[in-house]
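Enquirer: Below you'll find structure-v3.csv; it's CSV, C-alpha atoms (C1' of nucleotides).
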chain,number,residue,atom,x,y,z
A,1,MET,CA,-66.9,11.1,104.9
A,2,SER,CA,-64.6,14.0,105.3
A,3,ASN,CA,-65.5,17.4,104.1
A,4,LEU,CA,-62.6,17.3,101.7
A,5,GLU,CA,-64.7,15.6,99.1
A,6,LEU,CA,-67.5,18.1,99.1
A,7,PRO,CA,-67.4,21.2,96.9
A,8,VAL,CA,-67.6,23.7,99.6
A,9,LEU,CA,-68.2,27.1,98.4
A,10,GLY,CA,-66.8,29.3,101.1
A,11,ARG,CA,-63.5,27.6,101.4
A,12,ASP,CA,-61.2,30.5,100.8
A,13,ASP,CA,-63.2,33.6,100.7
A,14,ALA,CA,-60.9,35.3,98.3
A,15,ALA,CA,-62.7,37.5,95.9
A,16,VAL,CA,-66.1,37.6,97.5
A,17,CYS,CA,-65.4,39.0,100.8
A,18,CYS,CA,-66.5,40.9,103.5
A,19,SER,CA,-66.7,44.6,103.3
A,20,PRO,CA,-70.1,45.5,104.7
A,21,MET,CA,-72.8,45.2,102.1
A,22,VAL,CA,-74.2,48.6,103.2
A,23,ARG,CA,-71.2,50.3,101.7
A,24,GLU,CA,-71.4,49.3,98.1
A,25,PRO,CA,-73.8,47.3,96.0
A,26,LEU,CA,-73.3,43.6,96.1
A,27,GLY,CA,-72.2,41.9,92.9
A,28,GLU,CA,-74.6,39.5,91.3
A,29,GLU,CA,-72.4,36.4,91.7
A,30,ALA,CA,-71.4,37.4,95.2
A,31,ALA,CA,-75.1,37.7,96.1
A,32,VAL,CA,-75.8,34.2,94.7
A,33,ASP,CA,-73.0,32.8,96.8
A,34,LEU,CA,-73.9,34.5,100.0
A,35,ALA,CA,-77.6,33.7,99.6
A,36,LYS,CA,-76.7,30.0,99.8
A,37,MET,CA,-75.1,30.5,103.1
A,38,PHE,CA,-78.0,32.6,104.5
A,39,LYS,CA,-80.4,29.9,103.2
A,40,ALA,CA,-78.6,27.4,105.3
A,41,LEU,CA,-79.2,29.6,108.3
A,42,SER,CA,-82.9,30.1,107.4
A,43,ASP,CA,-84.2,27.1,109.3
A,44,PRO,CA,-84.7,27.1,113.1
A,45,VAL,CA,-83.5,23.6,113.5
A,46,ARG,CA,-80.3,24.4,111.6
A,47,LEU,CA,-79.7,27.5,113.6
A,48,ARG,CA,-80.0,25.6,116.8
A,49,LEU,CA,-77.8,22.8,115.5
A,50,LEU,CA,-75.1,25.3,114.6
A,51,SER,CA,-75.3,26.9,118.0
A,52,LEU,CA,-75.3,23.5,119.8
A,53,ILE,CA,-72.2,22.4,117.9
A,54,ALA,CA,-70.3,25.6,118.5
A,55,SER,CA,-71.1,25.8,122.2
A,56,HIS,CA,-70.4,22.1,122.9
A,57,GLU,CA,-67.3,21.3,124.8
A,58,GLY,CA,-64.3,21.2,122.6
A,59,GLY,CA,-66.1,23.1,119.9
A,60,GLU,CA,-67.4,19.9,118.3
A,61,ALA,CA,-70.2,17.4,118.8
A,62,CYS,CA,-71.1,14.0,117.5
A,63,VAL,CA,-74.4,13.4,115.9
A,64,CYS,CA,-75.5,11.4,118.9
A,65,ASP,CA,-75.3,14.6,120.9
A,66,LEU,CA,-77.5,16.5,118.5
A,67,THR,CA,-80.5,14.3,118.0
A,68,GLY,CA,-81.7,14.5,121.6
A,69,PRO,CA,-82.8,18.2,121.9
A,70,PHE,CA,-85.0,18.1,118.8
A,71,ASP,CA,-88.5,16.9,118.0
A,72,VAL,CA,-87.6,15.8,114.5
A,73,SER,CA,-86.3,12.4,113.4
A,74,GLN,CA,-82.7,11.4,113.2
A,75,PRO,CA,-82.7,11.3,109.4
A,76,THR,CA,-83.9,14.9,109.4
A,77,ILE,CA,-81.1,16.0,111.6
A,78,SER,CA,-78.7,14.2,109.3
A,79,HIS,CA,-80.2,16.1,106.4
A,80,HIS,CA,-79.8,19.5,108.1
A,81,LEU,CA,-76.2,18.7,109.0
A,82,LYS,CA,-75.6,18.0,105.3
A,83,VAL,CA,-77.1,21.3,104.3
A,84,LEU,CA,-74.8,23.1,106.9
A,85,ARG,CA,-71.8,21.2,105.6
A,86,GLU,CA,-72.5,21.9,101.9
A,87,ALA,CA,-72.9,25.6,102.7
A,88,GLY,CA,-69.4,25.6,104.2
A,89,LEU,CA,-70.6,26.4,107.7
A,90,VAL,CA,-69.4,23.3,109.4
A,91,GLY,CA,-66.9,20.6,108.9
A,92,SER,CA,-67.3,16.9,109.8
A,93,GLU,CA,-65.2,13.8,110.3
A,94,ARG,CA,-65.9,10.2,111.2
A,95,ARG,CA,-64.0,8.9,114.2
A,96,GLY,CA,-64.7,5.2,114.8
A,97,THR,CA,-68.3,4.7,115.3
A,98,TRP,CA,-69.3,8.3,115.6
A,99,VAL,CA,-69.3,11.3,113.3
A,100,TYR,CA,-68.2,14.7,114.7
A,101,TYR,CA,-69.2,18.1,113.5
A,102,TRP,CA,-67.6,21.5,114.2
A,103,VAL,CA,-68.2,25.1,113.1
A,104,LEU,CA,-65.9,26.7,110.6
A,105,PRO,CA,-65.4,30.1,112.2
A,106,GLY,CA,-64.2,31.8,109.1
A,107,ALA,CA,-67.6,31.4,107.4
A,108,LEU,CA,-69.5,32.9,110.3
A,109,ALA,CA,-67.0,35.8,110.5
A,110,ARG,CA,-67.5,36.5,106.8
A,111,LEU,CA,-71.3,36.8,107.2
A,112,SER,CA,-70.9,38.8,110.3
A,113,SER,CA,-68.7,41.4,108.8
A,114,LEU,CA,-70.9,41.5,105.8
A,115,LEU,CA,-73.9,42.6,107.9
A,116,GLU,CA,-72.0,45.1,109.9
A,117,ALA,CA,-73.5,48.5,109.8
A,118,PRO,CA,-71.0,51.4,109.3
A,119,ALA,CA,-70.6,52.3,112.9
A,120,GLY,CA,-70.8,56.0,113.1
A,121,ALA,CA,-71.8,58.4,110.4
A,122,ARG,CA,-73.3,57.7,107.0
B,1,MET,CA,-81.3,64.5,103.3
B,2,SER,CA,-83.2,61.9,105.0
B,3,ASN,CA,-80.7,60.4,107.4
B,4,LEU,CA,-81.3,63.4,109.5
B,5,GLU,CA,-84.8,62.2,110.1
B,6,LEU,CA,-83.7,58.7,111.0
B,7,PRO,CA,-83.1,58.0,114.6
B,8,VAL,CA,-79.3,57.5,114.9
B,9,LEU,CA,-79.6,54.5,117.0
B,10,GLY,CA,-76.5,52.4,117.5
B,11,ARG,CA,-75.8,52.9,121.1
B,12,ASP,CA,-78.4,50.4,122.2
B,13,ASP,CA,-78.2,47.7,119.5
B,14,ALA,CA,-75.7,45.8,121.4
B,15,ALA,CA,-78.1,45.7,124.3
B,16,VAL,CA,-81.0,44.7,122.2
B,17,CYS,CA,-79.9,41.2,122.1
B,18,CYS,CA,-77.6,38.7,120.9
B,19,SER,CA,-74.6,37.3,122.5
B,20,PRO,CA,-72.9,35.3,119.8
B,21,MET,CA,-74.7,32.0,119.1
B,22,VAL,CA,-71.4,30.1,119.4
B,23,ARG,CA,-71.3,30.8,123.1
B,24,GLU,CA,-74.5,29.2,124.3
B,25,PRO,CA,-77.3,27.1,122.7
B,26,LEU,CA,-80.0,29.2,121.0
B,27,GLY,CA,-83.4,29.0,122.5
B,28,GLU,CA,-86.2,27.4,120.4
B,29,GLU,CA,-88.3,30.5,120.1
B,30,ALA,CA,-85.3,32.7,119.4
B,31,ALA,CA,-84.2,30.3,116.7
B,32,VAL,CA,-87.6,30.6,115.0
B,33,ASP,CA,-87.5,34.3,115.2
B,34,LEU,CA,-83.9,34.6,113.8
B,35,ALA,CA,-84.6,32.0,111.1
B,36,LYS,CA,-87.2,34.3,109.6
B,37,MET,CA,-84.7,37.1,109.2
B,38,PHE,CA,-82.1,34.8,107.7
B,39,LYS,CA,-84.8,33.5,105.3
B,40,ALA,CA,-85.3,37.0,104.1
B,41,LEU,CA,-81.6,37.2,103.3
B,42,SER,CA,-81.6,33.8,101.6
B,43,ASP,CA,-82.4,35.1,98.1
B,44,PRO,CA,-79.8,36.8,95.8
B,45,VAL,CA,-82.3,39.4,94.6
B,46,ARG,CA,-83.2,40.4,98.1
B,47,LEU,CA,-79.5,40.6,99.2
B,48,ARG,CA,-78.7,42.9,96.3
B,49,LEU,CA,-81.8,44.9,97.0
B,50,LEU,CA,-80.8,45.4,100.6
B,51,SER,CA,-77.3,46.4,99.5
B,52,LEU,CA,-78.5,48.7,96.9
B,53,ILE,CA,-80.8,50.5,99.3
B,54,ALA,CA,-78.2,50.8,102.0
B,55,SER,CA,-75.5,52.1,99.7
B,56,HIS,CA,-77.8,54.5,97.9
B,57,GLU,CA,-77.2,58.2,98.5
B,58,GLY,CA,-79.0,59.3,101.6
B,59,GLY,CA,-79.4,55.7,102.8
B,60,GLU,CA,-82.7,55.3,101.0
B,61,ALA,CA,-84.0,54.5,97.6
B,62,CYS,CA,-87.3,54.7,95.8
B,63,VAL,CA,-88.6,51.6,94.0
B,64,CYS,CA,-88.0,53.2,90.7
B,65,ASP,CA,-84.2,53.1,91.6
B,66,LEU,CA,-84.4,49.4,92.3
B,67,THR,CA,-86.3,47.9,89.4
B,68,GLY,CA,-83.6,48.8,86.8
B,69,PRO,CA,-80.7,46.6,87.9
B,70,PHE,CA,-82.6,43.4,87.9
B,71,ASP,CA,-83.9,41.0,85.3
B,72,VAL,CA,-87.0,40.2,87.2
B,73,SER,CA,-90.4,42.0,86.8
B,74,GLN,CA,-91.6,44.9,88.8
B,75,PRO,CA,-94.2,42.9,90.8
B,76,THR,CA,-91.4,40.5,91.7
B,77,ILE,CA,-89.3,43.4,93.1
B,78,SER,CA,-92.3,44.6,95.0
B,79,HIS,CA,-92.8,41.1,96.4
B,80,HIS,CA,-89.2,40.9,97.6
B,81,LEU,CA,-89.3,44.4,99.2
B,82,LYS,CA,-92.4,43.2,101.1
B,83,VAL,CA,-90.5,40.2,102.4
B,84,LEU,CA,-87.7,42.4,103.6
B,85,ARG,CA,-90.1,44.8,105.2
B,86,GLU,CA,-92.0,42.0,107.0
B,87,ALA,CA,-88.7,40.6,108.3
B,88,GLY,CA,-88.0,43.9,109.9
B,89,LEU,CA,-84.9,44.6,107.8
B,90,VAL,CA,-86.2,47.7,106.0
B,91,GLY,CA,-88.6,50.5,106.5
B,92,SER,CA,-90.7,52.2,103.9
B,93,GLU,CA,-92.7,55.3,103.3
B,94,ARG,CA,-94.8,56.8,100.5
B,95,ARG,CA,-93.8,60.3,99.6
B,96,GLY,CA,-96.0,61.6,96.8
B,97,THR,CA,-95.8,59.4,93.8
B,98,TRP,CA,-92.9,57.4,95.0
B,99,VAL,CA,-92.3,54.9,97.8
B,100,TYR,CA,-88.9,55.0,99.6
B,101,TYR,CA,-87.2,52.2,101.4
B,102,TRP,CA,-84.3,52.3,103.9
B,103,VAL,CA,-82.4,49.7,105.9
B,104,LEU,CA,-83.1,49.4,109.6
B,105,PRO,CA,-79.5,49.2,111.0
B,106,GLY,CA,-80.5,47.6,114.3
B,107,ALA,CA,-81.7,44.5,112.6
B,108,LEU,CA,-78.5,44.0,110.7
B,109,ALA,CA,-76.4,44.7,113.8
B,110,ARG,CA,-78.4,42.1,115.7
B,111,LEU,CA,-77.7,39.4,113.1
B,112,SER,CA,-74.1,40.5,112.8
B,113,SER,CA,-73.3,40.2,116.4
B,114,LEU,CA,-75.1,36.9,116.6
B,115,LEU,CA,-72.7,35.4,114.1
B,116,GLU,CA,-69.6,36.8,115.6
B,117,ALA,CA,-67.1,34.2,116.4
B,118,PRO,CA,-65.3,34.4,119.7
B,119,ALA,CA,-62.1,36.2,118.6
B,120,GLY,CA,-59.2,34.0,119.5
B,121,ALA,CA,-61.0,30.8,119.8
B,122,ARG,CA,-59.6,27.6,118.3
C,1,DT,C1',-69.2,-14.3,110.7
C,2,DC,C1',-73.4,-12.3,112.3
C,3,DC,C1',-75.6,-9.0,115.1
C,4,DT,C1',-76.0,-4.4,117.1
C,5,DT,C1',-75.5,0.5,117.1
C,6,DG,C1',-74.6,5.0,114.7
C,7,DA,C1',-75.3,7.6,110.7
C,8,DT,C1',-76.5,8.5,105.8
C,9,DT,C1',-79.3,7.9,101.7
C,10,DC,C1',-83.7,7.0,99.3
C,11,DG,C1',-88.5,7.8,97.9
C,12,DA,C1',-92.5,10.0,98.8
C,13,DC,C1',-95.7,13.7,100.2
C,14,DG,C1',-97.6,18.2,101.6
C,15,DG,C1',-96.4,22.9,102.2
C,16,DT,C1',-93.7,27.0,100.8
C,17,DT,C1',-91.3,30.1,97.5
C,18,DG,C1',-90.1,32.8,93.3
C,19,DT,C1',-91.8,34.2,89.3
C,20,DC,C1',-95.0,35.9,85.9
C,21,DG,C1',-99.0,38.6,83.6
C,22,DA,C1',-103.1,40.8,84.7
C,23,DT,C1',-105.4,43.9,87.5
C,24,DA,C1',-106.1,47.2,91.2
C,25,DT,C1',-104.7,51.3,94.0
C,26,DG,C1',-102.7,55.8,94.9
C,27,DG,C1',-101.4,60.2,93.4
C,28,DC,C1',-99.9,64.0,90.2
C,29,DC,C1',-101.0,67.0,86.4
C,30,DG,C1',-103.3,68.9,82.3
D,1,DC,C1',-112.6,65.0,85.4
D,2,DG,C1',-109.6,61.9,82.9
D,3,DG,C1',-105.4,60.1,81.8
D,4,DC,C1',-100.9,58.7,83.1
D,5,DC,C1',-97.3,57.1,86.0
D,6,DA,C1',-95.4,54.4,90.1
D,7,DT,C1',-96.4,50.5,93.3
D,8,DA,C1',-98.9,46.9,95.2
D,9,DT,C1',-102.0,42.9,95.0
D,10,DC,C1',-103.9,38.8,92.9
D,11,DG,C1',-104.1,34.2,90.9
D,12,DA,C1',-101.6,30.6,88.9
D,13,DC,C1',-97.8,27.5,88.3
D,14,DA,C1',-93.5,25.1,88.5
D,15,DA,C1',-89.7,24.3,91.5
D,16,DC,C1',-87.9,23.7,95.9
D,17,DC,C1',-87.9,22.4,101.0
D,18,DG,C1',-88.7,19.9,105.4
D,19,DT,C1',-90.2,15.9,107.1
D,20,DC,C1',-91.0,11.0,107.6
D,21,DG,C1',-90.3,5.8,107.5
D,22,DA,C1',-87.7,2.3,105.2
D,23,DA,C1',-83.6,0.8,103.5
D,24,DT,C1',-78.6,1.0,103.3
D,25,DC,C1',-73.8,1.6,104.8
D,26,DA,C1',-70.0,1.6,108.3
D,27,DA,C1',-67.6,0.1,112.3
D,28,DG,C1',-67.2,-2.8,116.4
D,29,DG,C1',-67.8,-6.6,119.4
D,30,DA,C1',-70.0,-11.4,120.5
What do you get writing this file as structure tokens?
Expert:
Amino acid sequence: MSNLELPVLGRDDAAVCCSPMVREPLGEEAAVDLAKMFKALSDPVRLRLLSLIASHEGGEACVCDLTGPFDVSQPTISHHLKVLREAGLVGSERRGTWVYYWVLPGALARLSSLLEAPAGAR
Amino acid sequence: MSNLELPVLGRDDAAVCCSPMVREPLGEEAAVDLAKMFKALSDPVRLRLLSLIASHEGGEACVCDLTGPFDVSQPTISHHLKVLREAGLVGSERRGTWVYYWVLPGALARLSSLLEAPAGAR
DNA sequence: TCCTTGATTCGACGGTTGTCGATATGGCCG
DNA sequence: CGGCCATATCGACAACCGTCGAATCAAGGA
């Protein structure tokens, strides 16, 4: 169940990193890679899931904490969590009966710095 | 040439919105709104378009500068530019024969700050 | 061992998306 | 005016996505 088995694409953001995309044109393969992460963020349920997980006490939440606030079924929540995990945005682990999810801060930081506008002049 | 005409905002975009989503759960309507912007970023062609526009000299580019670097047809480029415009990420204007596009920095700043991880956390 | 609870996977279905070629619009110039 | 160039729109089509209920797997506890 652990995230170790999944081919996560953002694992170490070596080559494809982080200078703001407004400074120089994005490479083709970097764009494909980043688009997958943004696609994972392109659903309201997934955005709220991510936010709920991150702001939950201890920085992690079990699935049972996440099904309540939504109108969608529990299998749908599970599907969205899988999308977030495969995009490299969250990690997960089974502990006894429950499965816990947490946000991988490096992935968010990478996207955040990518979108940064050059502060002052251009 | 044209950046002179553009409003040099930047002092207010922190106030516009957006404490990081990792601090408190995202509201339902805010999530719907933000998901639309991320969806606009969820395609490799659109990501590269945005990056090309922003890094073009003067901070803007005409469509004729944008069709070359891609393998897709001109109508497809036009479609992607429309998606970016309707998401509020770019502005556009016709000047004579050509149509120019530029990035709206406030929109990118909003998303960037939303994804910011609390610095020292975990 | 069986039953219960938590979570994922499966199969299906309707709606959306990216792409194309063809066509339309808008504007410059001879 | 008439032709040409730069963009946008249209209509169609295959692929993908979000959602559901049903079935399955995993872990405890009687």
Enquirer: Where does chain A end up after superposition onto chain B over all in-order Cα pairs? Give it as a PDB file with C-alpha atoms, in the frame of the given file.
Expert:
ATOM      1  CA  MET A   1     -94.748  56.366 104.537  1.00  0.00           C
ATOM      2  CA  SER A   2     -91.951  56.761 106.963  1.00  0.00           C
ATOM      3  CA  ASN A   3     -90.564  53.873 108.846  1.00  0.00           C
ATOM      4  CA  LEU A   4     -91.651  55.480 112.074  1.00  0.00           C
ATOM      5  CA  GLU A   5     -95.055  53.931 111.797  1.00  0.00           C
ATOM      6  CA  LEU A   6     -93.887  50.390 111.360  1.00  0.00           C
ATOM      7  CA  PRO A   7     -93.178  48.145 114.346  1.00  0.00           C
ATOM      8  CA  VAL A   8     -89.629  47.484 113.606  1.00  0.00           C
ATOM      9  CA  LEU A   9     -88.178  44.833 115.663  1.00  0.00           C
ATOM     10  CA  GLY A  10     -84.503  45.595 115.704  1.00  0.00           C
ATOM     11  CA  ARG A  11     -84.799  49.196 116.607  1.00  0.00           C
ATOM     12  CA  ASP A  12     -82.681  49.284 119.700  1.00  0.00           C
ATOM     13  CA  ASP A  13     -80.990  46.025 120.073  1.00  0.00           C
ATOM     14  CA  ALA A  14     -80.938  46.200 123.803  1.00  0.00           C
ATOM     15  CA  ALA A  15     -81.399  42.873 125.402  1.00  0.00           C
ATOM     16  CA  VAL A  16     -80.960  40.627 122.421  1.00  0.00           C
ATOM     17  CA  CYS A  17     -77.588  41.445 121.281  1.00  0.00           C
ATOM     18  CA  CYS A  18     -74.650  40.393 119.740  1.00  0.00           C
ATOM     19  CA  SER A  19     -72.225  38.205 121.501  1.00  0.00           C
ATOM     20  CA  PRO A  20     -71.359  35.472 119.030  1.00  0.00           C
ATOM     21  CA  MET A  21     -73.904  32.704 119.066  1.00  0.00           C
ATOM     22  CA  VAL A  22     -71.061  30.126 119.126  1.00  0.00           C
ATOM     23  CA  ARG A  23     -70.251  31.130 122.658  1.00  0.00           C
ATOM     24  CA  GLU A  24     -73.440  30.401 124.475  1.00  0.00           C
ATOM     25  CA  PRO A  25     -76.778  28.928 123.550  1.00  0.00           C
ATOM     26  CA  LEU A  26     -79.208  31.322 122.028  1.00  0.00           C
ATOM     27  CA  GLY A  27     -82.343  32.114 123.998  1.00  0.00           C
ATOM     28  CA  GLU A  28     -85.624  31.007 122.551  1.00  0.00           C
ATOM     29  CA  GLU A  29     -87.069  34.516 122.093  1.00  0.00           C
ATOM     30  CA  ALA A  30     -83.779  35.846 120.804  1.00  0.00           C
ATOM     31  CA  ALA A  31     -83.737  33.042 118.211  1.00  0.00           C
ATOM     32  CA  VAL A  32     -87.297  33.923 117.093  1.00  0.00           C
ATOM     33  CA  ASP A  33     -86.266  37.521 116.647  1.00  0.00           C
ATOM     34  CA  LEU A  34     -83.088  36.887 114.793  1.00  0.00           C
ATOM     35  CA  ALA A  35     -84.703  34.270 112.549  1.00  0.00           C
ATOM     36  CA  LYS A  36     -86.980  37.011 111.192  1.00  0.00           C
ATOM     37  CA  MET A  37     -84.051  39.018 110.148  1.00  0.00           C
ATOM     38  CA  PHE A  38     -82.235  36.041 108.530  1.00  0.00           C
ATOM     39  CA  LYS A  39     -85.523  35.186 106.741  1.00  0.00           C
ATOM     40  CA  ALA A  40     -85.477  38.580 105.200  1.00  0.00           C
ATOM     41  CA  LEU A  41     -82.019  37.855 103.888  1.00  0.00           C
ATOM     42  CA  SER A  42     -83.059  34.393 102.590  1.00  0.00           C
ATOM     43  CA  ASP A  43     -84.153  35.546  99.159  1.00  0.00           C
ATOM     44  CA  PRO A  44     -81.680  36.316  96.335  1.00  0.00           C
ATOM     45  CA  VAL A  45     -83.617  39.248  95.111  1.00  0.00           C
ATOM     46  CA  ARG A  46     -83.669  40.766  98.602  1.00  0.00           C
ATOM     47  CA  LEU A  47     -80.005  40.202  99.074  1.00  0.00           C
ATOM     48  CA  ARG A  48     -79.233  41.957  95.870  1.00  0.00           C
ATOM     49  CA  LEU A  49     -81.621  44.785  96.687  1.00  0.00           C
ATOM     50  CA  LEU A  50     -79.904  45.310 100.023  1.00  0.00           C
ATOM     51  CA  SER A  51     -76.513  45.342  98.392  1.00  0.00           C
ATOM     52  CA  LEU A  52     -77.683  47.703  95.589  1.00  0.00           C
ATOM     53  CA  ILE A  53     -79.092  50.153  98.127  1.00  0.00           C
ATOM     54  CA  ALA A  54     -76.033  50.133 100.330  1.00  0.00           C
ATOM     55  CA  SER A  55     -73.550  50.529  97.493  1.00  0.00           C
ATOM     56  CA  HIS A  56     -75.530  53.265  95.687  1.00  0.00           C
ATOM     57  CA  GLU A  57     -74.150  56.720  95.830  1.00  0.00           C
ATOM     58  CA  GLY A  58     -75.081  58.467  98.982  1.00  0.00           C
ATOM     59  CA  GLY A  59     -75.956  55.208 100.641  1.00  0.00           C
ATOM     60  CA  GLU A  60     -79.567  55.394  99.451  1.00  0.00           C
ATOM     61  CA  ALA A  61     -81.577  54.668  96.325  1.00  0.00           C
ATOM     62  CA  CYS A  62     -85.041  55.369  95.072  1.00  0.00           C
ATOM     63  CA  VAL A  63     -87.245  52.594  93.954  1.00  0.00           C
ATOM     64  CA  CYS A  64     -86.847  53.709  90.375  1.00  0.00           C
ATOM     65  CA  ASP A  65     -83.197  52.777  90.663  1.00  0.00           C
ATOM     66  CA  LEU A  66     -83.953  49.294  91.891  1.00  0.00           C
ATOM     67  CA  THR A  67     -86.473  47.944  89.458  1.00  0.00           C
ATOM     68  CA  GLY A  68     -84.141  47.994  86.457  1.00  0.00           C
ATOM     69  CA  PRO A  69     -81.567  45.248  87.365  1.00  0.00           C
ATOM     70  CA  PHE A  70     -84.205  42.615  88.118  1.00  0.00           C
ATOM     71  CA  ASP A  71     -86.330  40.247  86.068  1.00  0.00           C
ATOM     72  CA  VAL A  72     -89.290  40.470  88.405  1.00  0.00           C
ATOM     73  CA  SER A  73     -92.154  42.968  88.287  1.00  0.00           C
ATOM     74  CA  GLN A  74     -92.234  46.280  90.026  1.00  0.00           C
ATOM     75  CA  PRO A  75     -94.884  45.169  92.515  1.00  0.00           C
ATOM     76  CA  THR A  76     -92.605  42.306  93.519  1.00  0.00           C
ATOM     77  CA  ILE A  77     -89.747  44.605  94.184  1.00  0.00           C
ATOM     78  CA  SER A  78     -92.068  46.752  96.255  1.00  0.00           C
ATOM     79  CA  HIS A  79     -93.016  43.668  98.220  1.00  0.00           C
ATOM     80  CA  HIS A  80     -89.387  42.696  98.918  1.00  0.00           C
ATOM     81  CA  LEU A  81     -88.579  46.238 100.017  1.00  0.00           C
ATOM     82  CA  LYS A  82     -91.457  45.951 102.503  1.00  0.00           C
ATOM     83  CA  VAL A  83     -90.130  42.704 103.859  1.00  0.00           C
ATOM     84  CA  LEU A  84     -86.614  44.358 104.299  1.00  0.00           C
ATOM     85  CA  ARG A  85     -88.201  47.338 106.002  1.00  0.00           C
ATOM     86  CA  GLU A  86     -90.367  45.280 108.397  1.00  0.00           C
ATOM     87  CA  ALA A  87     -87.306  43.240 109.375  1.00  0.00           C
ATOM     88  CA  GLY A  88     -85.550  46.462 110.393  1.00  0.00           C
ATOM     89  CA  LEU A  89     -82.864  46.162 107.742  1.00  0.00           C
ATOM     90  CA  VAL A  90     -83.638  49.279 105.839  1.00  0.00           C
ATOM     91  CA  GLY A  91     -85.350  52.536 106.343  1.00  0.00           C
ATOM     92  CA  SER A  92     -87.426  54.465 103.769  1.00  0.00           C
ATOM     93  CA  GLU A  93     -88.825  57.926 103.186  1.00  0.00           C
ATOM     94  CA  ARG A  94     -90.894  59.565 100.486  1.00  0.00           C
ATOM     95  CA  ARG A  95     -89.371  62.676  98.967  1.00  0.00           C
ATOM     96  CA  GLY A  96     -91.715  64.276  96.420  1.00  0.00           C
ATOM     97  CA  THR A  97     -92.486  61.854  93.774  1.00  0.00           C
ATOM     98  CA  TRP A  98     -89.961  59.241  94.693  1.00  0.00           C
ATOM     99  CA  VAL A  99     -89.411  56.940  97.641  1.00  0.00           C
ATOM    100  CA  TYR A 100     -85.838  56.427  98.943  1.00  0.00           C
ATOM    101  CA  TYR A 101     -84.471  53.461 100.769  1.00  0.00           C
ATOM    102  CA  TRP A 102     -81.267  53.129 102.826  1.00  0.00           C
ATOM    103  CA  VAL A 103     -79.608  50.402 104.910  1.00  0.00           C
ATOM    104  CA  LEU A 104     -79.694  50.600 108.659  1.00  0.00           C
ATOM    105  CA  PRO A 105     -76.111  49.675 109.481  1.00  0.00           C
ATOM    106  CA  GLY A 106     -76.766  48.768 113.043  1.00  0.00           C
ATOM    107  CA  ALA A 107     -78.918  45.776 112.028  1.00  0.00           C
ATOM    108  CA  LEU A 108     -76.295  44.367 109.703  1.00  0.00           C
ATOM    109  CA  ALA A 109     -73.592  44.858 112.377  1.00  0.00           C
ATOM    110  CA  ARG A 110     -75.717  42.957 114.888  1.00  0.00           C
ATOM    111  CA  LEU A 111     -76.035  39.921 112.571  1.00  0.00           C
ATOM    112  CA  SER A 112     -72.440  40.122 111.675  1.00  0.00           C
ATOM    113  CA  SER A 113     -71.165  40.015 115.169  1.00  0.00           C
ATOM    114  CA  LEU A 114     -73.595  37.306 115.950  1.00  0.00           C
ATOM    115  CA  LEU A 115     -72.028  34.997 113.336  1.00  0.00           C
ATOM    116  CA  GLU A 116     -68.512  35.778 114.275  1.00  0.00           C
ATOM    117  CA  ALA A 117     -66.504  32.754 115.078  1.00  0.00           C
ATOM    118  CA  PRO A 118     -64.276  33.031 118.220  1.00  0.00           C
ATOM    119  CA  ALA A 119     -61.115  33.971 116.472  1.00  0.00           C
ATOM    120  CA  GLY A 120     -58.419  31.905 117.966  1.00  0.00           C
ATOM    121  CA  ALA A 121     -58.774  29.011 120.322  1.00  0.00           C
ATOM    122  CA  ARG A 122     -61.890  27.158 121.396  1.00  0.00           C
TER     123      ARG A 122
END
Enquirer: Chain B residues within 8 Å of chain D, counting all atoms listed in the file: which ones, as a list in words?
Expert: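 Residues of chain B within 8 Å of chain D, counting all atoms listed in the file: Val63, Cys64, Pro75, Ser78, Thr97, Trp98 and Val99 of chain B.
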Enquirer: Got a sec to pull out which chain B residues are within 12 Å of chain C, counting all atoms listed in the file, and send them as a PyMOL selection string?
Expert: chain B and resi 39-40+42-46+71-80+83+94-99
Enquirer: Quick one: pull the distance between atom CA of A:Gly27 and atom CA of A:Arg110, Å, one decimal.
Expert: 15.6 Å
Enquirer: Name the closest residue to chain B among the candidates A:Gly58, A:Gly91, A:Pro20, A:Pro25; distances are taken between atoms, counting all atoms listed in the file.
Expert: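 Smallest distance to chain B is found for A:Pro25.
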Enquirer: Please report the interatomic distance between atom CA of A:Tyr101 and atom CA of B:Ser19 in Å with one decimal.
Expert: 21.9 Å
Enquirer: Just the number, please: distance in Å from atom CA of B:Thr67 to atom CA of B:Lys82, one decimal.
Expert: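 So the answer is 14.0 Å.
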Enquirer: Quick one: axis-aligned box around all listed atoms of stretch 99-113 of chain B, 5 Å on every side, centre and edge lengths in Å to one decimal, written as AutoDock Vina command-line options.
Expert:
--center_x -82.8 --center_y 47.2 --center_z 107.1 --size_x 29.0 --size_y 25.6 --size_z 28.6
